[in-house]
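Enquirer: File name entry14.cif; file contents mmCIF, C-alpha atoms; full text below.
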data_data
#
loop_
_atom_site.label_atom_id
_atom_site.label_comp_id
_atom_site.auth_asym_id
_atom_site.auth_seq_id
_atom_site.Cartn_x
_atom_site.Cartn_y
_atom_site.Cartn_z
CA MET G 1 -60.60 10.06 18.20
CA ALA G 2 -57.68 9.01 20.34
CA VAL G 3 -57.04 6.12 18.02
CA ASP G 4 -57.03 8.48 15.08
CA ARG G 5 -54.48 10.69 16.70
CA THR G 6 -52.21 7.75 17.43
CA ARG G 7 -52.61 6.53 13.91
CA LEU G 8 -51.81 10.01 12.62
CA ARG G 9 -48.69 10.13 14.74
CA CYS G 10 -47.66 6.77 13.38
CA TRP G 11 -48.15 8.03 9.88
CA VAL G 12 -46.11 11.16 10.48
CA LEU G 13 -43.35 9.13 12.02
CA PHE G 14 -43.39 6.62 9.23
CA LEU G 15 -43.44 9.30 6.57
CA SER G 16 -40.58 11.25 8.04
CA VAL G 17 -38.46 8.15 8.46
CA TRP G 18 -39.28 7.11 4.92
CA MET G 19 -38.33 10.53 3.57
CA LEU G 20 -35.11 10.73 5.52
CA LEU G 21 -34.03 7.22 4.72
CA PRO G 22 -32.74 7.71 1.19
CA LEU G 23 -30.87 10.81 2.35
CA ALA G 24 -29.10 8.91 5.08
CA ALA G 25 -28.47 5.98 2.81
CA ARG G 26 -26.98 8.26 0.20
CA ALA G 27 -24.68 9.90 2.70
CA GLN G 28 -23.43 6.60 3.97
CA ASP G 29 -23.21 4.62 0.81
CA GLU G 30 -22.18 7.08 -1.86
CA ALA G 31 -19.03 5.75 -3.46
CA PRO G 32 -16.11 8.20 -3.63
CA GLU G 33 -16.13 8.12 -7.45
CA ALA G 34 -19.86 8.85 -7.51
CA PHE G 35 -19.35 11.73 -5.10
CA VAL G 36 -16.67 13.34 -7.28
CA LYS G 37 -18.71 12.82 -10.43
CA ARG G 38 -21.84 14.31 -8.86
CA VAL G 39 -20.03 17.37 -7.47
CA SER G 40 -18.04 18.13 -10.61
CA ILE G 41 -21.03 17.80 -12.90
CA ASP G 42 -23.16 19.87 -10.54
CA VAL G 43 -20.55 22.65 -10.49
CA LEU G 44 -19.97 22.53 -14.27
CA GLU G 45 -23.71 22.67 -14.97
CA SER G 46 -24.23 25.58 -12.57
CA ILE G 47 -21.46 27.54 -14.30
CA LYS G 48 -22.78 26.70 -17.75
CA ALA G 49 -26.27 27.85 -16.82
CA ASP G 50 -25.07 31.25 -15.56
CA LYS G 51 -23.69 33.64 -18.13
CA GLY G 52 -23.05 36.39 -15.60
CA MET G 53 -20.81 34.06 -13.66
CA ARG G 54 -18.81 33.07 -16.71
CA ASN G 55 -18.23 36.74 -17.46
CA GLY G 56 -16.63 37.09 -14.06
CA ASP G 57 -19.44 38.51 -11.92
CA VAL G 58 -17.68 38.16 -8.58
CA ASN G 59 -20.83 38.04 -6.46
CA ARG G 60 -22.31 35.22 -8.48
CA VAL G 61 -19.04 33.30 -8.34
CA MET G 62 -18.93 33.75 -4.57
CA ALA G 63 -22.51 32.50 -4.33
CA LEU G 64 -21.57 29.40 -6.33
CA VAL G 65 -18.57 28.77 -4.12
CA ASP G 66 -20.62 29.10 -0.95
CA THR G 67 -23.58 26.99 -2.04
CA ARG G 68 -22.11 24.34 -4.33
CA ILE G 69 -18.42 24.03 -3.54
CA MET G 70 -17.77 24.83 0.12
CA PRO G 71 -20.22 22.21 1.49
CA ASN G 72 -18.15 19.55 -0.27
CA LEU G 73 -14.78 20.74 1.01
CA ASP G 74 -13.01 20.19 4.30
CA PHE G 75 -11.83 23.76 4.06
CA ALA G 76 -10.46 23.93 7.60
CA ARG G 77 -8.12 21.10 6.71
CA MET G 78 -7.15 22.73 3.41
CA THR G 79 -6.27 25.97 5.16
CA ALA G 80 -4.49 24.13 7.98
CA SER G 81 -2.42 22.20 5.48
CA ALA G 82 -1.43 25.37 3.60
CA VAL G 83 -0.58 27.19 6.83
CA GLY G 84 1.47 24.28 8.19
CA PRO G 85 2.63 23.72 11.79
CA ALA G 86 1.73 27.29 12.82
CA TRP G 87 -1.94 26.32 12.53
CA ARG G 88 -1.68 24.58 15.89
CA GLN G 89 -0.81 27.82 17.62
CA ALA G 90 -3.52 29.78 15.83
CA SER G 91 -6.41 31.06 17.92
CA PRO G 92 -9.99 30.28 16.82
CA GLU G 93 -10.35 33.85 15.49
CA GLN G 94 -7.12 33.58 13.55
CA ARG G 95 -8.28 30.28 12.08
CA THR G 96 -11.58 31.80 10.96
CA ARG G 97 -9.81 34.80 9.43
CA LEU G 98 -7.27 32.59 7.65
CA GLN G 99 -10.01 30.42 6.15
CA GLU G 100 -12.03 33.43 5.06
CA GLU G 101 -9.10 35.19 3.35
CA PHE G 102 -7.80 31.97 1.77
CA LYS G 103 -11.26 31.27 0.36
CA ILE G 104 -11.48 34.73 -1.21
CA LEU G 105 -7.94 34.43 -2.60
CA LEU G 106 -8.68 31.08 -4.25
CA THR G 107 -12.07 32.20 -5.58
CA ARG G 108 -10.71 35.39 -7.13
CA THR G 109 -7.75 33.60 -8.60
CA TYR G 110 -9.68 30.92 -10.34
CA SER G 111 -12.84 32.81 -11.28
CA GLY G 112 -11.02 33.95 -14.44
CA ALA G 113 -10.95 30.33 -15.60
CA LEU G 114 -14.75 30.05 -15.44
CA ALA G 115 -15.06 31.87 -18.79
CA GLN G 116 -13.62 28.72 -20.37
CA VAL G 117 -16.34 26.42 -19.11
CA GLY G 118 -18.20 25.03 -22.09
CA ASP G 119 -19.03 21.47 -23.02
CA GLN G 120 -16.48 19.67 -20.87
CA SER G 121 -17.19 16.16 -19.77
CA VAL G 122 -15.83 14.44 -16.69
CA GLU G 123 -14.58 10.88 -16.67
CA VAL G 124 -13.79 9.32 -13.32
CA LYS G 125 -10.99 6.73 -13.40
CA PRO G 126 -11.15 3.45 -11.48
CA LEU G 127 -10.27 3.76 -7.81
CA ARG G 128 -6.81 2.62 -6.77
CA GLY G 129 -7.32 2.15 -3.04
CA SER G 130 -10.09 0.34 -1.27
CA PRO G 131 -13.49 2.04 -0.88
CA ASP G 132 -13.17 1.37 2.86
CA ASP G 133 -10.25 3.79 3.14
CA LYS G 134 -10.80 6.87 5.26
CA GLU G 135 -8.68 8.95 2.87
CA LEU G 136 -8.15 8.36 -0.82
CA VAL G 137 -7.45 9.93 -4.18
CA VAL G 138 -10.06 10.00 -6.93
CA ARG G 139 -8.60 10.69 -10.37
CA THR G 140 -10.56 12.19 -13.23
CA ASP G 141 -10.06 13.31 -16.81
CA VAL G 142 -11.81 16.50 -17.80
CA LYS G 143 -12.29 16.33 -21.56
CA ASN G 144 -12.44 19.58 -23.42
CA GLY G 145 -12.75 18.97 -27.15
CA GLY G 146 -9.58 17.04 -27.96
CA ASP G 147 -7.70 18.13 -24.86
CA VAL G 148 -7.63 16.09 -21.70
CA ILE G 149 -6.94 17.78 -18.39
CA GLN G 150 -6.14 15.52 -15.49
CA MET G 151 -7.81 16.56 -12.25
CA ASP G 152 -7.40 14.56 -9.07
CA TYR G 153 -9.08 14.99 -5.70
CA ARG G 154 -8.02 13.98 -2.21
CA LEU G 155 -11.04 12.89 -0.21
CA VAL G 156 -11.55 12.31 3.46
CA LYS G 157 -14.46 10.42 4.94
CA THR G 158 -16.13 12.56 7.55
CA PRO G 159 -16.99 10.54 10.62
CA GLY G 160 -20.43 10.33 12.15
CA GLN G 161 -23.52 11.92 10.72
CA GLY G 162 -23.36 14.31 7.81
CA SER G 163 -22.35 14.20 4.24
CA GLY G 164 -19.86 11.38 3.76
CA TRP G 165 -16.92 12.46 1.62
CA LYS G 166 -15.23 15.81 1.58
CA ILE G 167 -12.48 17.11 -0.71
CA TYR G 168 -9.36 18.49 0.96
CA ASN G 169 -6.94 18.91 -1.93
CA LEU G 170 -7.16 19.26 -5.68
CA ASN G 171 -4.60 18.42 -8.34
CA VAL G 172 -4.61 20.01 -11.77
CA MET G 173 -2.22 18.42 -14.27
CA GLY G 174 0.15 17.23 -11.61
CA VAL G 175 0.12 20.20 -9.27
CA TRP G 176 -1.57 20.03 -5.86
CA LEU G 177 -3.40 23.25 -5.14
CA VAL G 178 -2.83 23.47 -1.40
CA ASP G 179 0.86 22.55 -1.69
CA THR G 180 1.60 25.56 -3.88
CA TYR G 181 0.67 27.86 -1.00
CA ARG G 182 2.67 26.11 1.70
CA THR G 183 6.07 27.71 1.01
CA GLN G 184 4.62 31.16 0.50
CA PHE G 185 2.61 30.99 3.71
CA ALA G 186 5.63 29.69 5.63
CA GLN G 187 7.67 32.64 4.38
CA GLU G 188 5.10 35.14 5.62
CA ILE G 189 4.76 33.37 8.98
CA ASN G 190 8.55 33.16 9.46
CA SER G 191 9.03 36.84 8.88
CA LYS G 192 5.81 38.40 10.16
CA GLY G 193 3.93 35.79 12.17
CA LEU G 194 0.38 34.53 11.72
CA ASP G 195 -1.17 37.97 11.91
CA GLY G 196 1.33 39.09 9.29
CA LEU G 197 0.11 36.34 6.98
CA ILE G 198 -3.51 37.31 7.58
CA ALA G 199 -2.67 40.94 6.83
CA SER G 200 -0.83 40.02 3.61
CA LEU G 201 -3.70 37.84 2.43
CA SER G 202 -6.30 40.47 3.15
CA GLU G 203 -4.19 43.13 1.42
CA ARG G 204 -3.77 40.90 -1.63
CA ASN G 205 -7.51 40.27 -1.73
CA LYS G 206 -8.25 43.99 -1.56
CA SER G 207 -5.86 44.78 -4.40
CA ASN G 208 -7.29 41.91 -6.47
CA ALA G 209 -10.78 43.31 -5.91
CA LYS G 210 -9.76 46.62 -7.47
CA LYS G 211 -8.74 44.98 -10.75
CA MET I 1 24.98 30.04 -31.10
CA ASN I 2 28.31 30.81 -29.45
CA LEU I 3 27.59 34.49 -29.51
CA ARG I 4 24.17 33.91 -27.99
CA TRP I 5 25.66 31.87 -25.18
CA ARG I 6 28.17 34.58 -24.44
CA ARG I 7 25.44 37.19 -24.40
CA MET I 8 23.42 35.08 -22.01
CA CYS I 9 26.35 34.66 -19.65
CA CYS I 10 26.86 38.43 -19.63
CA VAL I 11 23.23 38.98 -18.73
CA ALA I 12 23.54 36.38 -15.99
CA LEU I 13 26.61 38.07 -14.52
CA VAL I 14 24.96 41.48 -14.46
CA VAL I 15 21.91 40.00 -12.82
CA LEU I 16 23.93 38.09 -10.23
CA SER I 17 25.61 41.19 -8.89
CA GLY I 18 22.49 42.00 -6.87
CA CYS I 19 21.79 38.95 -4.77
CA ALA I 20 19.42 38.78 -1.82
CA THR I 21 19.49 36.67 1.33
CA VAL I 22 17.20 33.68 1.56
CA GLN I 23 14.62 33.48 4.34
CA THR I 24 13.07 30.04 3.97
CA PRO I 25 15.64 27.71 2.39
CA ASP I 26 14.40 24.80 0.27
CA ALA I 27 16.57 21.73 -0.24
CA ARG I 28 15.70 21.61 -3.94
CA ASP I 29 16.77 25.20 -4.45
CA PRO I 30 20.27 25.76 -3.03
CA TRP I 31 20.92 28.65 -5.43
CA GLU I 32 17.81 30.53 -4.43
CA SER I 33 19.36 33.95 -4.02
CA MET I 34 20.92 33.79 -7.50
CA ASN I 35 17.71 32.37 -8.93
CA ARG I 36 15.66 35.13 -7.36
CA SER I 37 17.82 37.77 -9.05
CA VAL I 38 17.41 36.12 -12.44
CA PHE I 39 13.70 35.68 -11.79
CA SER I 40 13.17 39.36 -11.08
CA PHE I 41 15.20 40.28 -14.17
CA ASN I 42 13.04 37.97 -16.31
CA ASP I 43 9.92 39.31 -14.67
CA LYS I 44 10.82 42.93 -15.45
CA LEU I 45 11.70 42.07 -19.02
CA ASP I 46 8.42 40.21 -19.35
CA ARG I 47 6.40 43.14 -18.05
CA ILE I 48 8.13 45.67 -20.28
CA VAL I 49 8.41 43.69 -23.54
CA LEU I 50 7.09 40.18 -23.81
CA LYS I 51 3.73 40.41 -22.08
CA PRO I 52 2.59 43.58 -23.90
CA VAL I 53 3.63 42.08 -27.25
CA ALA I 54 1.84 38.81 -26.50
CA THR I 55 -1.28 40.70 -25.39
CA VAL I 56 -1.39 42.71 -28.63
CA TYR I 57 -0.83 39.50 -30.57
CA ARG I 58 -3.76 37.87 -28.80
CA ASP I 59 -6.05 40.87 -29.29
CA VAL I 60 -5.15 41.66 -32.89
CA VAL I 61 -4.50 38.35 -34.63
CA PRO I 62 -7.70 36.36 -35.25
CA GLY I 63 -8.19 33.17 -33.28
CA PHE I 64 -7.95 30.75 -36.20
CA ALA I 65 -4.58 32.20 -37.24
CA ARG I 66 -3.20 31.98 -33.70
CA LYS I 67 -4.45 28.43 -33.46
CA GLY I 68 -2.67 27.60 -36.73
CA VAL I 69 0.59 29.08 -35.45
CA HIS I 70 0.23 27.20 -32.19
CA ASN I 71 -0.47 23.91 -33.97
CA PHE I 72 2.46 24.46 -36.35
CA PHE I 73 4.96 24.74 -33.50
CA GLY I 74 3.24 21.91 -31.66
CA ASN I 75 3.82 19.70 -34.67
CA LEU I 76 7.52 20.62 -34.78
CA SER I 77 7.82 19.79 -31.09
CA ASP I 78 6.10 16.44 -31.68
CA VAL I 79 9.01 15.52 -33.98
CA TRP I 80 11.49 16.08 -31.17
CA SER I 81 9.18 14.27 -28.74
CA ALA I 82 9.15 11.27 -31.08
CA VAL I 83 12.96 11.18 -31.11
CA ASN I 84 13.21 11.46 -27.32
CA ASN I 85 10.48 8.95 -26.60
CA GLY I 86 12.41 6.65 -28.92
CA LEU I 87 15.69 7.30 -27.10
CA ALA I 88 13.97 6.49 -23.83
CA GLY I 89 12.64 3.24 -25.32
CA ARG I 90 8.99 4.10 -24.86
CA LYS I 91 7.21 2.26 -27.64
CA LYS I 92 3.62 3.49 -27.35
CA GLU I 93 4.67 7.11 -26.83
CA THR I 94 7.07 6.95 -29.76
CA GLY I 95 4.38 5.42 -31.97
CA ASP I 96 1.83 8.05 -30.95
CA SER I 97 4.28 10.88 -31.57
CA ILE I 98 5.21 9.57 -35.02
CA SER I 99 1.54 9.10 -35.92
CA ARG I 100 0.78 12.64 -34.75
CA VAL I 101 3.52 14.14 -36.91
CA PHE I 102 2.50 12.02 -39.88
CA VAL I 103 -1.21 12.88 -39.63
CA ASN I 104 -0.74 16.56 -38.85
CA THR I 105 1.92 17.18 -41.48
CA THR I 106 -0.19 15.61 -44.23
CA ILE I 107 -3.92 15.91 -43.47
CA GLY I 108 -3.23 18.81 -41.12
CA VAL I 109 -1.45 20.82 -43.85
CA LEU I 110 2.11 21.12 -42.50
CA GLY I 111 0.86 21.07 -38.94
CA LEU I 112 -1.51 24.05 -39.20
CA PHE I 113 -4.42 21.85 -38.10
CA ASP I 114 -4.17 19.48 -35.18
CA VAL I 115 -6.11 16.60 -36.71
CA ALA I 116 -4.28 14.05 -34.55
CA THR I 117 -5.80 15.40 -31.33
CA GLU I 118 -9.26 15.19 -32.91
CA LEU I 119 -8.43 11.56 -33.73
CA LYS I 120 -7.51 11.08 -30.06
CA ILE I 121 -3.84 10.36 -30.72
CA GLU I 122 -2.31 11.59 -27.49
CA ARG I 123 0.60 13.99 -27.27
CA HIS I 124 3.50 12.83 -25.11
CA LYS I 125 5.86 15.75 -24.74
CA ALA I 126 9.49 14.82 -24.26
CA ASP I 127 12.76 16.68 -24.62
CA PHE I 128 16.34 15.67 -24.00
CA GLY I 129 16.01 16.66 -20.34
CA THR I 130 13.21 14.14 -19.79
CA THR I 131 15.25 11.56 -21.73
CA LEU I 132 18.20 12.07 -19.36
CA GLY I 133 15.72 11.64 -16.51
CA ARG I 134 14.55 8.33 -17.93
CA TRP I 135 18.15 7.26 -18.22
CA GLY I 136 18.45 7.78 -14.47
CA VAL I 137 19.96 11.28 -14.26
CA GLN I 138 18.58 13.13 -11.23
CA PRO I 139 17.08 16.58 -11.86
CA GLY I 140 19.54 18.34 -9.53
CA PRO I 141 18.99 21.84 -8.18
CA TYR I 142 16.37 24.24 -9.48
CA VAL I 143 17.78 26.85 -11.84
CA VAL I 144 16.17 29.97 -13.26
CA LEU I 145 17.77 30.84 -16.59
CA PRO I 146 17.89 34.35 -17.98
CA LEU I 147 15.16 34.73 -20.64
CA LEU I 148 14.33 31.01 -20.58
CA GLY I 149 12.92 30.81 -17.07
CA PRO I 150 12.52 27.85 -14.68
CA ASN I 151 14.62 24.71 -15.22
CA THR I 152 16.68 22.16 -13.36
CA LEU I 153 20.40 21.54 -13.66
CA ARG I 154 19.61 18.46 -15.76
CA GLY I 155 17.52 20.59 -18.10
CA VAL I 156 20.38 23.08 -18.39
CA ALA I 157 22.77 20.27 -19.31
CA ALA I 158 20.32 19.02 -21.94
CA PHE I 159 19.66 22.48 -23.31
CA PRO I 160 22.46 22.57 -25.94
CA VAL I 161 21.11 19.31 -27.40
CA ASP I 162 17.51 20.55 -27.40
CA TYR I 163 18.64 23.84 -28.88
CA SER I 164 20.58 22.38 -31.79
CA ALA I 165 17.81 19.89 -32.53
CA ASN I 166 15.17 22.61 -32.56
CA LEU I 167 13.67 22.48 -36.04
CA THR I 168 13.17 26.23 -36.27
CA ASN I 169 16.95 26.56 -36.04
CA GLN I 170 17.47 24.29 -39.06
CA PHE I 171 16.47 26.98 -41.56
CA THR I 172 19.62 28.30 -43.18
CA GLU I 173 18.05 31.62 -44.04
CA ALA I 174 18.51 33.89 -41.03
CA ALA I 175 15.36 35.95 -41.65
CA THR I 176 13.11 32.88 -41.72
CA ARG I 177 14.81 31.44 -38.68
CA ASP I 178 14.51 34.62 -36.63
CA THR I 179 10.89 35.19 -37.64
CA LEU I 180 9.96 31.67 -36.65
CA THR I 181 11.82 31.89 -33.35
CA LEU I 182 10.14 35.19 -32.52
CA LEU I 183 6.72 33.86 -33.47
CA ASN I 184 7.33 30.77 -31.36
CA VAL I 185 8.23 32.90 -28.33
CA ILE I 186 5.16 35.14 -28.76
CA ASP I 187 2.88 32.15 -29.26
CA THR I 188 4.21 30.48 -26.12
CA ARG I 189 3.82 33.64 -24.05
CA ALA I 190 0.31 34.26 -25.38
CA THR I 191 -0.70 30.74 -24.35
CA TYR I 192 0.26 31.53 -20.77
CA LEU I 193 -1.36 34.97 -20.54
CA GLY I 194 -4.32 33.70 -18.53
CA ALA I 195 -2.15 31.60 -16.26
CA SER I 196 0.34 34.36 -15.57
CA ASN I 197 -2.45 36.79 -14.71
CA ALA I 198 -3.81 34.20 -12.29
CA VAL I 199 -0.36 33.81 -10.70
CA ASP I 200 -0.11 37.58 -10.29
CA GLY I 201 -3.37 37.52 -8.36
CA ALA I 202 -2.78 34.29 -6.45
CA ALA I 203 0.79 34.54 -5.31
CA LEU I 204 2.07 36.25 -2.21
CA ASP I 205 5.54 35.45 -3.50
CA GLY I 206 5.58 34.80 -7.25
CA TYR I 207 9.06 33.26 -7.11
CA SER I 208 8.33 30.38 -4.73
CA PHE I 209 4.85 29.88 -6.24
CA ILE I 210 6.28 29.30 -9.71
CA ARG I 211 9.14 27.20 -8.38
CA ASP I 212 6.84 24.90 -6.42
CA VAL I 213 4.45 24.52 -9.34
CA TYR I 214 7.31 23.86 -11.76
CA LEU I 215 8.99 21.22 -9.57
CA GLN I 216 5.70 19.44 -8.84
CA ARG I 217 4.84 19.41 -12.52
CA GLN I 218 8.28 18.05 -13.47
CA ARG I 219 7.92 15.25 -10.97
CA TYR I 220 4.50 14.42 -12.38
CA LEU I 221 5.85 14.31 -15.95
CA GLN I 222 8.80 12.21 -14.83
CA TYR I 223 6.39 9.58 -13.50
CA ASP I 224 4.15 9.76 -16.58
CA GLY I 225 1.27 11.29 -14.67
CA ASN I 226 1.43 8.64 -11.93
CA PRO I 227 3.82 9.90 -9.28
CA PRO I 228 3.93 7.93 -6.03
CA ASP I 229 1.33 9.34 -3.68
CA GLU I 230 2.72 11.87 -1.27
CA ASP I 231 0.11 12.95 1.21
CA PRO I 232 0.74 16.39 2.67
CA PRO I 233 2.38 16.31 6.10
CA ALA I 234 -0.11 16.00 8.93
CA ASP I 235 1.58 18.94 10.70
CA GLY I 236 -1.02 21.54 10.10
CA GLU I 237 -4.07 19.45 10.59
CA PRO I 238 -6.77 20.92 12.77
CA GLN I 239 -7.04 19.46 16.24
CA PRO I 240 -10.25 17.46 16.74
#
Show me the file's structure as structure tokens.
Expert:
Amino acid sequence: MAVDRTRLRCWVLFLSVWMLLPLAARAQDEAPEAFVKRVSIDVLESIKADKGMRNGDVNRVMALVDTRIMPNLDFARMTASAVGPAWRQASPEQRTRLQEEFKILLTRTYSGALAQVGDQSVEVKPLRGSPDDKELVVRTDVKNGGDVIQMDYRLVKTPGQGSGWKIYNLNVMGVWLVDTYRTQFAQEINSKGLDGLIASLSERNKSNAKK
Amino acid sequence: MNLRWRRMCCVALVVLSGCATVQTPDARDPWESMNRSVFSFNDKLDRIVLKPVATVYRDVVPGFARKGVHNFFGNLSDVWSAVNNGLAGRKKETGDSISRVFVNTTIGVLGLFDVATELKIERHKADFGTTLGRWGVQPGPYVVLPLLGPNTLRGVAAFPVDYSANLTNQFTEAATRDTLTLLNVIDTRATYLGASNAVDGAALDGYSFIRDVYLQRQRYLQYDGNPPDEDPPADGEPQP
């Protein structure tokens, strides 16, 4: 009986290690290009499969952002980079609020583009840096019929356990997403402070919601 | 053309009389307060006239017809791109542009169908401003032109050349010329309806948003889609 129990324990241990192994291996070994390809295809397929989302159902879009997109972003870094030096003085509550409002702003802004998702394909270009880099740019071509849209991603390797690569900036046809907010945020902060920026963002999000 | 220039200058002067102070100066935009005035003039004009017209055009004219119009003007612009790619000594881009015009003008029935894109012959847009850039002329300060919108000083200098080379202006019959010009403007505005609505929702300050996007995009085009990597400043990074 005692032997059986030990054997059982061994089995459980072995099984759980065996099941966790590929997960850990994937997190450690996934190449940056493979990561970008997997995430972009996953997001495109989810949008394609959901008609309500393509028609601009805000709740469904938000659900997609939270489940499929946010886990792959270093969103704190994105927000910090848009906010600029003032981020250092921001309190934890202010940081949370800034991230929350920035997320809603971005989601609302770009949910209109989801209607155009159809049979795009994603082609990842060869990596320029070394795969050992902690930060690098992965460049892709999104092909839409005859048109090619260049989309690039800045990735950072997250240290320790967890999910490997995270995206912290996105470039569409030559324009970095986070960079386009930097001047505007700086203007708000210079004239009204961090809380002023939070208030402006939240006001903008409320007026966007009414549309 | 002379009369048009004079009219434009008048508009500019009227607009300039109400200038604002600048809060967050940007080195690339030393004329910001003037530019802001012109921007808000353009914006008002757009809201009252151009955007409503473009919206009606999009909603009323069937998709295939709008596509044909869009392709037609695209084909005309490919001609000018071919010339400028040639002037800049870019062989592949010149070849592609010439092939595009040839294919689209013949098989594509005077440019109404964009067969070249289907055949994967890439478009390489170029005007005289980009040619000057390739010859080493720096873009200079950011300028917002009345009616024409964002540009750089280099683009303004190149504008008379681009304008006189514009194929829609080669028609001697005024009615044809004006119709084509108007159609071109409406087509261009209709193309950007989605984008401009997004900007309205996204921007806390539409002026600096559009300026930053425009200047980034220009830089990207200048380097042929491969600008030197400029990582954002580490300033705002979260503390570990």
Enquirer: List, as a list in words, every residue that the PyMOL selection byres ((chain G and resi 150) around 8) selects in the file provided.
Expert: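 Those residues are Arg139, Thr140, Asp141, Val142, Val148, Ile149, Met151, Asp152, Asn171, Val172, Met173 and Gly174 of chain G.
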Enquirer: Name every residue that the PyMOL selection byres ((chain G and resi 180) around 10) selects in this structure, writing the answer as a ChimeraX atom specification with chains first and numbers rising.
Expert: /G:82,175-179,181-185 /I:203,208-214,216
Enquirer: Quick one: residues within 12 Å of Ile186 of chain I, all atoms listed in the file counted, chain neighbours fewer than 2 positions away excluded, as a list in words?
Expert: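 Counting only the stated atoms, we get Asp46, Val49, Leu50, Lys51, Pro52, Val53, Ala54, Thr55, Val56, Tyr57, Arg58, Val61, Arg66, Val69, His70, Phe73, Thr179, Leu180, Thr181, Leu182, Leu183, Asn184, Thr188, Arg189, Ala190, Thr191, Tyr192 and Leu193 of chain I.
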Enquirer: Write out as a PyMOL selection string which residues come within 9 Å of segment 115-118 of chain I when counting all atoms listed in the file, dropping same-chain ones fewer than 6 positions away.
Expert: (chain G and resi 145-147) or (chain I and resi 99-104+107-108)
Enquirer: Give the answer as one residue: which of G:Lys192, G:Lys210, G:Arg108, G:Arg204 has the shortest atom-to-atom distance to Ala198 of chain I, using all atoms listed in the file?
Expert: G:Arg108
Enquirer: Point out the residue among I:Gly129, I:Pro150, I:Pro227, I:Gly111 with the least atom-to-atom distance to chain G, counting all atoms listed in the file.
Expert: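 Answer, going by the shortest atom-to-atom distance: I:Pro227.
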Enquirer: In Å, how far is it from atom CA of Asp132 of chain G to atom CA of Lys157 of chain G?
Expert: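 Taking atom CA of Asp132 of chain G as the start and atom CA of Lys157 of chain G as the end point, the length is 9.4 Å.
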Enquirer: Between atom CA of Asn42 of chain I and atom CA of Tyr207 of chain I, what is the distance in Å, rounded to a tenth?
Expert: 11.1 Å
Enquirer: Looking at all atoms listed in the file, which of I:Leu204, I:Ile121, I:Ile98, I:Leu147 is the one that sits closest to Ala186 of chain G?
Expert: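 For Ala186 of chain G, the nearest of the candidates is I:Leu204.
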Enquirer: Tell me which residues come within 12 Å of (-24.6, 30.4, -13.6), as a ChimeraX atom specification, counting only C-alpha atoms in the file's coordinates.
Expert: /G:42-65,68,114-115,117-118
Enquirer: To one decimal place, how far is atom CA of Leu87 of chain I from atom CA of Tyr163 of chain I in Å?
Expert: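 For atom CA of Leu87 of chain I relative to atom CA of Tyr163 of chain I, the distance reads 16.9 Å.
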Enquirer: Go through G:Arg97, G:Lys143, G:Arg154, G:Lys37 and flag the residue nearest Asp119 of chain G, using only C-alpha atoms for the distances.
Expert: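 Checking each candidate against Asp119 of chain G, we get G:Lys143 as the closest.
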Enquirer: Using only C-alpha atoms, which residue out of I:Lys91, I:Arg177, I:Lys125, I:Lys120 lies closest to chain G?
Expert: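 Of all the options, I:Lys120 lies closest to chain G.
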Enquirer: Restricting the calculation to all atoms listed in the file: of I:Arg134, I:His124, I:Arg47, I:Arg154, which residue gets closest to Asn75 of chain I?
Expert: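 Of I:Arg134, I:His124, I:Arg47, I:Arg154, the one nearest Asn75 of chain I is I:His124, counting all atoms listed in the file.
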Enquirer: For the PyMOL selection byres ((chain G and resi 33) around 12), applied here, can you spell out every residue it catches as number ranges by chain?
Expert: G: 29-32, 34-40, 122-131, 136-140, 152-155, 165-167
Enquirer: Restricting the output to C-alpha atoms, write the selected residues as a short mmCIF file (atom, residue, chain, number, x, y, z; two decimals), in the coordinates of the input.
Expert:
data_model
loop_
_atom_site.label_atom_id
_atom_site.label_comp_id
_atom_site.auth_asym_id
_atom_site.auth_seq_id
_atom_site.Cartn_x
_atom_site.Cartn_y
_atom_site.Cartn_z
CA ASP G 29 -23.21 4.62 0.81
CA GLU G 30 -22.18 7.08 -1.86
CA ALA G 31 -19.03 5.75 -3.46
CA PRO G 32 -16.11 8.20 -3.63
CA ALA G 34 -19.86 8.85 -7.51
CA PHE G 35 -19.35 11.73 -5.10
CA VAL G 36 -16.67 13.34 -7.28
CA LYS G 37 -18.71 12.82 -10.43
CA ARG G 38 -21.84 14.31 -8.86
CA VAL G 39 -20.03 17.37 -7.47
CA SER G 40 -18.04 18.13 -10.61
CA VAL G 122 -15.83 14.44 -16.69
CA GLU G 123 -14.58 10.88 -16.67
CA VAL G 124 -13.79 9.32 -13.32
CA LYS G 125 -10.99 6.73 -13.40
CA PRO G 126 -11.15 3.45 -11.48
CA LEU G 127 -10.27 3.76 -7.81
CA ARG G 128 -6.81 2.62 -6.77
CA GLY G 129 -7.32 2.15 -3.04
CA SER G 130 -10.09 0.34 -1.27
CA PRO G 131 -13.49 2.04 -0.88
CA LEU G 136 -8.15 8.36 -0.82
CA VAL G 137 -7.45 9.93 -4.18
CA VAL G 138 -10.06 10.00 -6.93
CA ARG G 139 -8.60 10.69 -10.37
CA THR G 140 -10.56 12.19 -13.23
CA ASP G 152 -7.40 14.56 -9.07
CA TYR G 153 -9.08 14.99 -5.70
CA ARG G 154 -8.02 13.98 -2.21
CA LEU G 155 -11.04 12.89 -0.21
CA TRP G 165 -16.92 12.46 1.62
CA LYS G 166 -15.23 15.81 1.58
CA ILE G 167 -12.48 17.11 -0.71
#
Enquirer: When you look at Trp31 of chain I with a cut-off of 8 Å (counting only C-alpha atoms), what residues show up, excluding the ones that are within fewer than 6 positions of it in the same chain? I need them as a ChimeraX atom specification.
Expert: /I:141-143
